[in-house]
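Participant: Contents of start-v1.txt (compact mmCIF, N, CA and C atoms) are given next:
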# COMPACT_ATOMS: atom_id res chain seq x y z
N ALA G 1 0.84 -1.18 0.00
CA ALA G 1 0.00 0.00 0.00
C ALA G 1 0.88 1.24 0.00
N THR G 2 0.61 2.14 -0.89
CA THR G 2 1.39 3.37 -0.98
C THR G 2 0.44 4.56 -0.93
N PHE G 3 0.77 5.51 -0.07
CA PHE G 3 -0.04 6.71 0.03
C PHE G 3 0.32 7.65 -1.08
N PRO G 4 -0.67 8.27 -1.74
CA PRO G 4 -0.35 9.34 -2.67
C PRO G 4 0.29 10.50 -1.91
N ALA G 5 1.10 11.28 -2.58
CA ALA G 5 1.84 12.37 -1.93
C ALA G 5 0.97 13.25 -1.04
N PRO G 6 -0.25 13.66 -1.44
CA PRO G 6 -1.03 14.55 -0.58
C PRO G 6 -1.47 13.90 0.74
N LEU G 7 -1.43 12.57 0.84
CA LEU G 7 -1.90 11.91 2.05
C LEU G 7 -0.76 11.45 2.95
N ARG G 8 0.47 11.79 2.61
CA ARG G 8 1.58 11.43 3.47
C ARG G 8 1.47 12.23 4.76
N PRO G 9 2.05 11.73 5.85
CA PRO G 9 1.87 12.39 7.16
C PRO G 9 2.30 13.86 7.14
N CYS G 10 1.57 14.66 7.86
CA CYS G 10 1.92 16.06 8.03
C CYS G 10 1.62 16.44 9.47
N ARG G 11 2.32 17.43 9.97
CA ARG G 11 2.16 17.84 11.36
C ARG G 11 1.13 18.94 11.53
N VAL G 12 1.13 19.89 10.62
CA VAL G 12 0.24 21.05 10.77
C VAL G 12 -0.52 21.28 9.47
N VAL G 13 -1.82 21.49 9.59
CA VAL G 13 -2.66 21.82 8.45
C VAL G 13 -3.13 23.25 8.68
N GLY G 14 -2.57 24.19 7.90
CA GLY G 14 -2.89 25.60 8.13
C GLY G 14 -2.45 25.99 9.53
N SER G 15 -3.35 26.60 10.30
CA SER G 15 -3.02 26.99 11.67
C SER G 15 -3.47 25.92 12.67
N TYR G 16 -4.05 24.83 12.17
CA TYR G 16 -4.55 23.77 13.04
C TYR G 16 -3.40 22.92 13.54
N ARG G 17 -3.37 22.67 14.82
CA ARG G 17 -2.36 21.80 15.43
C ARG G 17 -3.07 20.58 15.99
N PRO G 18 -2.81 19.38 15.42
CA PRO G 18 -3.49 18.19 15.91
C PRO G 18 -3.08 17.86 17.34
N SER G 19 -3.99 17.22 18.07
CA SER G 19 -3.68 16.79 19.43
C SER G 19 -2.69 15.63 19.37
N TYR G 20 -2.08 15.31 20.52
CA TYR G 20 -1.16 14.18 20.57
C TYR G 20 -1.88 12.88 20.21
N GLU G 21 -3.12 12.75 20.66
CA GLU G 21 -3.90 11.54 20.35
C GLU G 21 -4.13 11.42 18.85
N GLU G 22 -4.46 12.55 18.20
CA GLU G 22 -4.66 12.53 16.75
C GLU G 22 -3.36 12.17 16.04
N MET G 23 -2.25 12.75 16.48
CA MET G 23 -0.97 12.45 15.85
C MET G 23 -0.62 10.97 16.01
N LEU G 24 -0.92 10.40 17.18
CA LEU G 24 -0.65 8.97 17.38
C LEU G 24 -1.53 8.11 16.48
N ARG G 25 -2.79 8.50 16.30
CA ARG G 25 -3.66 7.75 15.39
C ARG G 25 -3.13 7.82 13.96
N PHE G 26 -2.75 9.03 13.52
CA PHE G 26 -2.17 9.15 12.18
C PHE G 26 -0.92 8.29 12.04
N TYR G 27 -0.06 8.37 13.04
CA TYR G 27 1.17 7.58 13.02
C TYR G 27 0.87 6.09 12.92
N SER G 28 -0.03 5.59 13.77
CA SER G 28 -0.29 4.16 13.81
C SER G 28 -0.94 3.68 12.50
N TYR G 29 -1.89 4.44 11.97
CA TYR G 29 -2.52 4.04 10.71
C TYR G 29 -1.51 4.08 9.56
N TYR G 30 -0.66 5.11 9.55
CA TYR G 30 0.35 5.22 8.49
C TYR G 30 1.32 4.04 8.55
N LYS G 31 1.81 3.73 9.75
CA LYS G 31 2.76 2.61 9.89
C LYS G 31 2.10 1.29 9.51
N GLN G 32 0.86 1.09 9.94
CA GLN G 32 0.15 -0.16 9.62
C GLN G 32 -0.05 -0.27 8.11
N ALA G 33 -0.39 0.85 7.46
CA ALA G 33 -0.64 0.84 6.01
C ALA G 33 0.63 0.65 5.21
N THR G 34 1.75 1.14 5.70
CA THR G 34 2.98 1.08 4.91
C THR G 34 3.89 -0.08 5.31
N ALA G 35 3.88 -0.47 6.60
CA ALA G 35 4.80 -1.51 7.07
C ALA G 35 4.09 -2.78 7.54
N GLY G 36 2.78 -2.71 7.70
CA GLY G 36 2.05 -3.88 8.20
C GLY G 36 2.05 -3.92 9.73
N ARG G 37 1.75 -5.09 10.25
CA ARG G 37 1.62 -5.29 11.69
C ARG G 37 2.91 -4.93 12.44
N CYS G 38 2.76 -4.34 13.62
CA CYS G 38 3.89 -3.97 14.47
C CYS G 38 4.61 -5.26 14.91
N GLN G 39 5.89 -5.37 14.60
CA GLN G 39 6.63 -6.60 14.87
C GLN G 39 7.76 -6.42 15.89
N GLY G 40 8.36 -5.26 15.96
CA GLY G 40 9.55 -5.06 16.78
C GLY G 40 9.25 -5.03 18.27
N PRO G 41 10.31 -5.07 19.07
CA PRO G 41 10.13 -5.00 20.52
C PRO G 41 9.71 -3.60 20.96
N ARG G 42 9.01 -3.54 22.08
CA ARG G 42 8.57 -2.26 22.63
C ARG G 42 9.79 -1.48 23.11
N PRO G 43 9.88 -0.19 22.77
CA PRO G 43 11.00 0.63 23.24
C PRO G 43 11.08 0.65 24.76
N GLY G 44 12.27 0.91 25.25
CA GLY G 44 12.52 0.88 26.69
C GLY G 44 11.98 2.09 27.44
N PHE G 45 12.15 2.02 28.73
CA PHE G 45 11.65 3.03 29.67
C PHE G 45 12.13 4.44 29.32
N TRP G 46 13.36 4.56 28.85
CA TRP G 46 13.95 5.88 28.60
C TRP G 46 13.54 6.46 27.26
N ASP G 47 12.64 5.82 26.55
CA ASP G 47 12.13 6.32 25.27
C ASP G 47 10.60 6.40 25.33
N PRO G 48 10.06 7.34 26.12
CA PRO G 48 8.60 7.39 26.29
C PRO G 48 7.85 7.69 24.99
N ILE G 49 8.39 8.54 24.14
CA ILE G 49 7.72 8.86 22.88
C ILE G 49 7.68 7.62 21.99
N GLY G 50 8.78 6.91 21.92
CA GLY G 50 8.82 5.67 21.16
C GLY G 50 7.82 4.65 21.69
N ARG G 51 7.65 4.61 23.01
CA ARG G 51 6.69 3.69 23.62
C ARG G 51 5.25 4.07 23.25
N TYR G 52 4.94 5.36 23.29
CA TYR G 52 3.59 5.81 22.91
C TYR G 52 3.29 5.44 21.46
N LYS G 53 4.27 5.69 20.58
CA LYS G 53 4.09 5.39 19.18
C LYS G 53 3.94 3.87 18.96
N TRP G 54 4.80 3.10 19.63
CA TRP G 54 4.74 1.65 19.52
C TRP G 54 3.38 1.13 20.01
N ASP G 55 2.94 1.62 21.17
CA ASP G 55 1.65 1.20 21.74
C ASP G 55 0.50 1.49 20.78
N ALA G 56 0.52 2.68 20.16
CA ALA G 56 -0.55 3.05 19.23
C ALA G 56 -0.56 2.12 18.02
N TRP G 57 0.62 1.85 17.47
CA TRP G 57 0.73 0.98 16.31
C TRP G 57 0.36 -0.46 16.68
N TYR G 58 0.90 -0.94 17.80
CA TYR G 58 0.64 -2.31 18.23
C TYR G 58 -0.84 -2.55 18.49
N SER G 59 -1.54 -1.52 18.95
CA SER G 59 -2.96 -1.66 19.28
C SER G 59 -3.82 -1.98 18.05
N LEU G 60 -3.29 -1.73 16.85
CA LEU G 60 -4.05 -2.02 15.63
C LEU G 60 -4.05 -3.51 15.30
N GLY G 61 -3.19 -4.27 15.94
CA GLY G 61 -3.16 -5.71 15.76
C GLY G 61 -3.07 -6.13 14.31
N GLY G 62 -4.00 -6.97 13.87
CA GLY G 62 -3.98 -7.52 12.53
C GLY G 62 -4.76 -6.73 11.50
N MET G 63 -5.02 -5.45 11.76
CA MET G 63 -5.73 -4.62 10.78
C MET G 63 -4.97 -4.68 9.45
N SER G 64 -5.69 -4.85 8.36
CA SER G 64 -5.04 -4.93 7.04
C SER G 64 -4.48 -3.56 6.64
N LYS G 65 -3.55 -3.59 5.70
CA LYS G 65 -2.98 -2.34 5.19
C LYS G 65 -4.06 -1.47 4.56
N GLU G 66 -4.98 -2.10 3.86
CA GLU G 66 -6.05 -1.35 3.20
C GLU G 66 -6.98 -0.70 4.23
N GLU G 67 -7.32 -1.44 5.29
CA GLU G 67 -8.17 -0.88 6.35
C GLU G 67 -7.47 0.28 7.04
N ALA G 68 -6.16 0.14 7.26
CA ALA G 68 -5.40 1.21 7.90
C ALA G 68 -5.36 2.45 7.03
N MET G 69 -5.18 2.26 5.73
CA MET G 69 -5.16 3.41 4.82
C MET G 69 -6.52 4.10 4.81
N ALA G 70 -7.59 3.31 4.81
CA ALA G 70 -8.94 3.89 4.83
C ALA G 70 -9.18 4.64 6.14
N ALA G 71 -8.69 4.10 7.26
CA ALA G 71 -8.84 4.76 8.56
C ALA G 71 -8.04 6.06 8.59
N TYR G 72 -6.85 6.06 7.99
CA TYR G 72 -6.03 7.28 7.91
C TYR G 72 -6.78 8.36 7.15
N VAL G 73 -7.35 7.99 6.01
CA VAL G 73 -8.10 8.96 5.19
C VAL G 73 -9.31 9.48 5.96
N ALA G 74 -10.00 8.59 6.68
CA ALA G 74 -11.16 9.01 7.48
C ALA G 74 -10.74 10.00 8.56
N GLU G 75 -9.59 9.76 9.20
CA GLU G 75 -9.07 10.70 10.22
C GLU G 75 -8.74 12.05 9.57
N MET G 76 -8.15 11.99 8.37
CA MET G 76 -7.80 13.23 7.67
C MET G 76 -9.06 14.02 7.36
N LYS G 77 -10.14 13.34 7.00
CA LYS G 77 -11.41 14.02 6.72
C LYS G 77 -11.95 14.69 7.97
N LYS G 78 -11.82 14.03 9.13
CA LYS G 78 -12.26 14.64 10.39
C LYS G 78 -11.48 15.91 10.68
N VAL G 79 -10.17 15.86 10.45
CA VAL G 79 -9.33 17.05 10.67
C VAL G 79 -9.73 18.15 9.71
N ALA G 80 -9.98 17.80 8.45
CA ALA G 80 -10.37 18.79 7.45
C ALA G 80 -11.67 19.47 7.86
N GLN G 81 -12.60 18.73 8.45
CA GLN G 81 -13.85 19.33 8.90
C GLN G 81 -13.60 20.30 10.06
N LYS G 82 -12.66 19.96 10.95
CA LYS G 82 -12.33 20.86 12.06
C LYS G 82 -11.71 22.15 11.54
N VAL G 83 -10.84 22.00 10.54
CA VAL G 83 -10.11 23.15 10.00
C VAL G 83 -11.05 24.08 9.23
N THR G 84 -11.93 23.48 8.43
CA THR G 84 -12.80 24.30 7.58
C THR G 84 -14.08 24.73 8.29
N GLY G 85 -14.35 24.08 9.44
CA GLY G 85 -15.51 24.46 10.24
C GLY G 85 -16.75 24.02 9.63
Output the structure of this file as structure tokens.

Facilitator:
Amino acid sequence: ATFPAPLRPCRVVGSYRPSYEEMLRFYSYYKQATAGRCQGPRPGFWDPIGRYKWDAWYSLGGMSKEEAMAAYVAEMKKVAQKVTG
């Protein structure tokens, strides 16, 4: 599964700043869609950001790449609605 250029991850859309939870959802869906199921070991205690990201990705379990891409697009639509009001 390959994301078209406009759907690749981004941090800021206009003046909108996504919440940490939204960023983790985007991260996990993107990783699931591009790399598949989370396979590596959980990062250690001294890497809390890595642990949050790993936990978010791992929580998707066996979601297919196609389902993850669709979920990413759905999240992007929610953000677009917030931005455009």

Participant: Provide the atom C of Leu24 (chain G) to atom C of Val73 (chain G) distance in Å, to one decimal place.

Facilitator: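 A separation of 13.2 Å between them.
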
Participant: Would you list the contacts of Ala68 (chain G) as a list in words, taking every protein, DNA or RNA residue within 7 Å and counting all atoms listed in the file, but skipping same-chain residues closer than 6 positions in sequence?

Facilitator: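 Neighbouring residues, sequence-local ones excluded: Ser28, Tyr29, Tyr30, Gln32 and Ala33 of chain G.
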
Participant: Mind checking which residues fall within 6.5 Å of region 79-85 of chain G, counting all atoms listed in the file, ignoring those fewer than 4 positions away in the same chain, and posting them as a list in words?

Facilitator: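 Contacts, with the query itself left out: Tyr16, Ala74 and Glu75 of chain G.
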
Participant: Among chain G, which ones does DSSP place in alpha helix (DSSP H), written as a ChimeraX atom specification?

Facilitator: /G:20-35,48-58,65-84

Participant: Compare G:Arg25, G:Met76, G:Ser15, G:Tyr58 by their minimum atom-to-atom distance to Gln39 (chain G), counting all atoms listed in the file, and give me the closest one.

Facilitator: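 Comparing G:Arg25, G:Met76, G:Ser15, G:Tyr58 against Gln39 (chain G), the winner is G:Tyr58.
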
Participant: Can you work out the spacing between atom C of Arg17 (chain G) and CA of Tyr72 (chain G) in Å, to one decimal?

Facilitator: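 Computing it gives 15.8 Å between the two atoms.
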
Participant: So the first atom is atom N of Trp54 (chain G) and the second is atom C of Gly36 (chain G); what is the distance between them in Å, to one decimal place?

Facilitator: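 Distance between the two atoms: 12.4 Å.
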
Participant: Let me have the centre and edge lengths of the axis-aligned box enclosing all listed atoms of region 73-76 of chain G with 6 Å padding on every side, in Å to one decimal, as lines of an AutoDock Vina configuration file.

Facilitator:
center_x = -9.3
center_y = 11.0
center_z = 7.7
size_x = 15.8
size_y = 18.0
size_z = 17.0
